[in-house]
Amino acid sequence: MTKKFYLTTPIYYVNDKPHIGHAYTTILADVLSRFHRNLGDEVLFLTGLDEHGQKVLQAAQARNMTPQDHCDDLAPRFTQLWEKLEISNDDFIRTTQERHKKVVQAVLQMVYDKGDIYQSEYEGWYSVAEERFITETEKDSGEFRDVKLLKERNWFFKMSKYQQALIDHINAHPEYIQPEHRKNEILGFLRQPLTDLCISRPKSRMGWGIEIPFDNEYVTYVWFDALINYITAPGYLSDDKKFNYWWPASLHLIGKDILTTHSVYWSTMLFSLGLPLPKTIFAHGWWLIGDSKMSKSVGNVVNPLDLVDEFGVDPVRYFLMREMVPGQDASFTMDAFIKRYNSDLANDFGNLLNRVSGLIPKYFNAIVPAPGSFTAEDKVVINIAESLKDKVPALVENLKVSEAIEETMQLVRAVNKYMEQQAPWKLAKENLPVAGRVLYVASEALRITAVHLSAVMPAKTKIVLDVLGAQGSTVNWGELKPGTKLGIHDALFPRITLPPCGEG
RNA sequence: CGCGGGGUAGAGCAGCCAGGUAGCUCACCAGGCUCAUAACCUGGGGGUCACACGUUCAAAUCGUGUCCCCGCAACCA
């Protein structure tokens, strides 16, 4: 049963330095994409960059560059990181691309023609030093100087018009905003009357943006630019067949910081356009670095590139996916990383491969032995392996990736236990066919583990599958072919024995 | 009374919505094994499930109250 699965990450602000938060969202999206592809689903996985706005303009001016050159210069920081992290996105959108500008302008015109955009005065606290409006909360923080109340003519979107429709939709579709407590937050938010959304900036003050089609003095502000990317990419107004196939999105994966933006602004925009809403918006938590909140300004950011260089891509992906319960915050520490790496990857998984790939060459000429008929003990392992076929997809469907991984690791632990009980290294000296059966069961369970984990650790599991001559095999029991010649390999996950000398 | 989430062994989590012997991983202690990356396996110690009251034959699980932590409170990505 082939399904289609269209999922997105936020488009990241090109001016930001890529950090663990960006990496986490994107890896999670990638893992979900790979899981779905493994299930035979058709996947469209989109990520990209938001390249307009005040900060980009200021940064470009400071470097004496055009904003576009500045963006072109910065974009590879993200694209190169995604390559390094084995991100398998199908499309990469940049808001400065022609395809996007055309859609944004067409959308603005459509919404305007519908009567959902009007001109009014925006009044707010303006920071002269920052050259931007600040929020009430920011003003109260006292961190901004030269704050004054400023009035400015601007264009507004009639968000309030769709408030009730949105409330009804959320109530009718419990899966729309997840996790559930986030849904409650939004419903609480929606108990207050919505005000309309200011969607423009005068070019005289901030010119780096997409021009509003019905007013060339203004550019559109972030909402009607960035959020539109989700429909630009699948072909809205440019490729009806493609768009109708993919839209609505299956999943918008976001951080909890931009939940309101997506569940309220984006939803009402789609109402105005008469487009169906995405199936699910899922807000995940934040990574804390030790005990402290990761903050761009403080600079206490763990650069995922450093971890990858030191330990490889797959362990980093594994750690991020295994350690965070999606929807809650998680904490990153080197200590936790090393423990997780050593216990799960080196001791359990990597070591199991070594056990199998050591014994089969020793007693069977490196040829996978035929199992014969299975015993009750074998069937314990087989049943666990087979049960993963249903468990893992069900957990992944609910974004419980850490639990899906844990369930899979339970198979590895069961096989290590089975090996201990059966002791094929002893059996080989007494009853070779029985030893062969045990090693077949262990190898086959290992193969199935690798297939399940291939979404999380594509590179390392490929090595396992290569060793077992089982590239392209599935999670079904029995696909490991007796007679297969085992390949050779290095230690899959060498134990980390010393504290990392990251700081020297 | 602005809205919402949470407080379960030393650490991180599951269980709570559909009440019925408190579970997983790591750490710790003691054994075993020796094919393997000083890995693996077995056994063990450790929790009055924040606190109080209530409903019930029975509550971590339902209700009320108290304390503590956290998120949201909009134009911030």
# chains A, B, ... in the order shown; residues from 1 in each chain; ligands from 1
call {"tool": "residues_around", "arguments": {"residues": "stretch 348-365 of chain A", "least_positions_apart": "3", "cutoff": "9 Å", "atoms": "only C-alpha atoms (C1' of nucleotides)", "output": "JSON, numbers by chain"}}
result
{"A": [342, 343, 344, 345, 368, 369, 409, 412, 413, 415, 416, 419, 424, 425, 428, 429, 432, 435, 436, 439, 440, 442, 443, 446, 449, 464, 467, 468, 485, 486, 487, 488, 489, 491, 492, 493, 494], "B": [35, 36, 37, 39, 40]}
call {"tool": "write_last_selection", "arguments": {"atoms": "C-alpha atoms (C1' of nucleotides)", "output": "compact mmCIF listing (two decimals), in the first residue's frame"}}
result
# COMPACT_ATOMS: atom_id res chain seq x y z
CA ASN A 342 29.45 3.15 23.97
CA SER A 343 26.53 1.22 25.40
CA ASP A 344 24.16 1.14 22.44
CA LEU A 345 26.40 1.42 19.41
CA VAL A 368 26.33 -17.97 5.89
CA PRO A 369 25.18 -21.43 7.08
CA MET A 409 17.73 -2.08 20.26
CA VAL A 412 20.00 -6.46 19.58
CA ARG A 413 20.02 -7.13 23.32
CA VAL A 415 20.36 -11.54 20.26
CA ASN A 416 23.33 -10.93 22.52
CA MET A 419 24.27 -15.91 21.72
CA PRO A 424 27.79 -21.28 19.12
CA TRP A 425 31.55 -21.15 19.75
CA ALA A 428 30.83 -25.56 16.67
CA LYS A 429 33.10 -28.12 18.24
CA LEU A 432 28.37 -27.92 13.58
CA ALA A 435 26.05 -23.88 15.55
CA GLY A 436 25.20 -22.93 12.00
CA LEU A 439 24.66 -18.13 13.73
CA TYR A 440 22.06 -17.88 11.00
CA ALA A 442 21.88 -14.14 14.96
CA SER A 443 22.97 -12.87 11.56
CA LEU A 446 21.31 -8.41 12.91
CA THR A 449 18.13 -4.56 12.94
CA VAL A 464 26.40 -4.15 8.03
CA VAL A 467 28.97 -7.52 5.12
CA LEU A 468 25.88 -9.72 5.09
CA LYS A 485 29.96 -15.02 1.49
CA LEU A 486 30.51 -12.54 4.30
CA GLY A 487 32.38 -9.35 3.61
CA ILE A 488 34.99 -7.90 5.90
CA HIS A 489 34.74 -4.71 7.90
CA ALA A 491 35.04 -2.01 13.93
CA LEU A 492 31.64 -0.46 13.28
CA PHE A 493 31.68 1.84 16.30
CA PRO A 494 35.06 1.86 18.01
C1' C B 35 33.14 -15.90 20.19
C1' A B 36 33.59 -10.42 20.53
C1' U B 37 35.22 -3.45 20.44
C1' A B 39 32.64 -6.07 25.05
C1' C B 40 28.51 -10.02 26.46
call {"tool": "closest_atom_pairs", "arguments": {"of": "chain B", "to": "chain A", "cutoff": "12 Å", "atoms": "only C-alpha atoms (C1' of nucleotides)", "output": "tab-separated table"}}
result
residue	atom	partner	partner_atom	distance
B:G2	C1'	A:Gly188	CA	9.3
B:C3	C1'	A:Gly188	CA	5.1
B:G4	C1'	A:Glu185	CA	5.4
B:G5	C1'	A:His181	CA	6.1
B:G6	C1'	A:Gln328	CA	10.3
B:A11	C1'	A:Ala336	CA	9.7
B:G12	C1'	A:Glu323	CA	8.5
B:C13	C1'	A:Val325	CA	8.4
B:A14	C1'	A:Glu403	CA	9.3
B:C17	C1'	A:Glu180	CA	11.5
B:C24	C1'	A:Glu406	CA	9.1
B:U25	C1'	A:Glu406	CA	8.7
B:C26	C1'	A:Lys339	CA	7.3
B:A27	C1'	A:Lys339	CA	9.9
B:G32	C1'	A:Glu420	CA	10.5
B:C33	C1'	A:Glu420	CA	7.7
B:U34	C1'	A:Trp425	CA	9.9
B:C35	C1'	A:Trp425	CA	5.5
B:A36	C1'	A:Arg355	CA	4.6
B:U37	C1'	A:Pro494	CA	5.8
B:A38	C1'	A:Thr497	CA	10.5
B:A39	C1'	A:Asn347	CA	5.5
B:C40	C1'	A:Asn416	CA	6.6
B:C41	C1'	A:Glu420	CA	5.8
B:U42	C1'	A:Lys417	CA	10.0
B:C70	C1'	A:Asp329	CA	10.0
B:G71	C1'	A:Glu185	CA	8.7
B:C72	C1'	A:Glu185	CA	6.0
B:A73	C1'	A:Phe189	CA	7.4
B:A74	C1'	A:Thr260	CA	7.4
B:C75	C1'	A:Leu197	CA	6.6
B:C76	C1'	A:Thr135	CA	7.1
B:A77	C1'	A:Ile258	CA	5.7
call {"tool": "select_by_dssp", "arguments": {"residues": "stretch 65-215 of chain A", "states": "strand (DSSP E)", "output": "PyMOL selection string"}}
result
chain A and resi 91-94+117-127+132-134+147-157+177-178+197-198+200-202+211-212+215
call {"tool": "select_by_dssp", "arguments": {"residues": "stretch 179-264 of chain A", "states": "alpha helix (DSSP H)", "output": "list of chain:residue names"}}
result
A:Glu180, A:His181, A:Arg182, A:Lys183, A:Asn184, A:Glu185, A:Ile186, A:Leu187, A:Gly188, A:Phe189, A:Trp223, A:Phe224, A:Asp225, A:Ala226, A:Asn229, A:Tyr230, A:Ile231, A:Thr232, A:Asp240, A:Lys241, A:Lys242, A:Phe243, A:Asn244, A:Tyr245, A:Trp246, A:Leu259, A:Thr260
call {"tool": "atom_distance", "arguments": {"atom1": "atom CA of A:Thr9", "atom2": "atom CA of A:Asn229"}}
result
10.5 Å
call {"tool": "residues_around", "arguments": {"residues": "stretch 90-102 of chain A", "least_positions_apart": "4", "cutoff": "8 Å", "atoms": "only C-alpha atoms (C1' of nucleotides)", "output": "list in words"}}
result
Ile11, Leu44, Phe45, Leu46, Thr47, Gly48, Leu49, Asp50, Glu51, His52, Gln68, Ala106, Ile210, Asp225, Ala226, Ile228, Asn229, Thr232 and Ala233 of chain A
call {"tool": "write_last_selection", "arguments": {"atoms": "C-alpha atoms", "output": "PDB file, in the first residue's frame"}}
result
ATOM      1  CA  ILE A  11      13.146  27.352   6.170  1.00  0.00           C
ATOM      2  CA  LEU A  44       8.641  14.682  -0.830  1.00  0.00           C
ATOM      3  CA  PHE A  45      11.038  16.117   1.743  1.00  0.00           C
ATOM      4  CA  LEU A  46      11.506  19.870   1.619  1.00  0.00           C
ATOM      5  CA  THR A  47      13.855  22.192   3.434  1.00  0.00           C
ATOM      6  CA  GLY A  48      15.362  25.533   2.543  1.00  0.00           C
ATOM      7  CA  LEU A  49      16.307  29.071   3.485  1.00  0.00           C
ATOM      8  CA  ASP A  50      14.543  32.285   4.351  1.00  0.00           C
ATOM      9  CA  GLU A  51      16.659  35.019   2.817  1.00  0.00           C
ATOM     10  CA  HIS A  52      14.785  38.286   3.154  1.00  0.00           C
ATOM     11  CA  GLN A  68      21.735  38.587  -2.756  1.00  0.00           C
ATOM     12  CA  ALA A 106       0.369  35.876  -6.964  1.00  0.00           C
ATOM     13  CA  ILE A 210       9.383  40.757  -2.239  1.00  0.00           C
ATOM     14  CA  ASP A 225       7.011  35.298   2.212  1.00  0.00           C
ATOM     15  CA  ALA A 226       8.526  32.491   4.262  1.00  0.00           C
ATOM     16  CA  ILE A 228       4.470  30.364   1.304  1.00  0.00           C
ATOM     17  CA  ASN A 229       7.519  28.189   0.616  1.00  0.00           C
ATOM     18  CA  THR A 232       5.783  27.004  -3.792  1.00  0.00           C
ATOM     19  CA  ALA A 233       7.942  23.916  -3.761  1.00  0.00           C
TER      20      ALA A 233
END
call {"tool": "atom_distance", "arguments": {"atom1": "atom C1' of B:U66", "atom2": "atom C1' of B:C53"}}
result
10.7 Å
call {"tool": "atom_distance", "arguments": {"atom1": "atom CA of A:Ile20", "atom2": "atom CA of A:Phe78"}}
result
12.0 Å
call {"tool": "closest_residue", "arguments": {"among": "A:Val43, A:Val456, A:Leu277, A:Leu253", "to": "A:Ala29", "atoms": "only C-alpha atoms"}}
result
A:Leu253
call {"tool": "residues_around", "arguments": {"residues": "A:Gln164", "least_positions_apart": "2", "cutoff": "12 Å", "atoms": "only C-alpha atoms (C1' of nucleotides)", "output": "ChimeraX atom specification"}}
result
/A:159-162,166-171,187,190-194,264,267-268,271
call {"tool": "closest_residue", "arguments": {"among": "A:Leu273, A:Tyr236, A:Tyr341, A:Pro482", "to": "A:Asp113", "atoms": "only C-alpha atoms"}}
result
A:Leu273
call {"tool": "residues_around", "arguments": {"residues": "B:C49", "least_positions_apart": "3", "cutoff": "12 Å", "atoms": "only C-alpha atoms (C1' of nucleotides)", "output": "ChimeraX atom specification"}}
result
/B:7-9,15-16,22-23,59-61
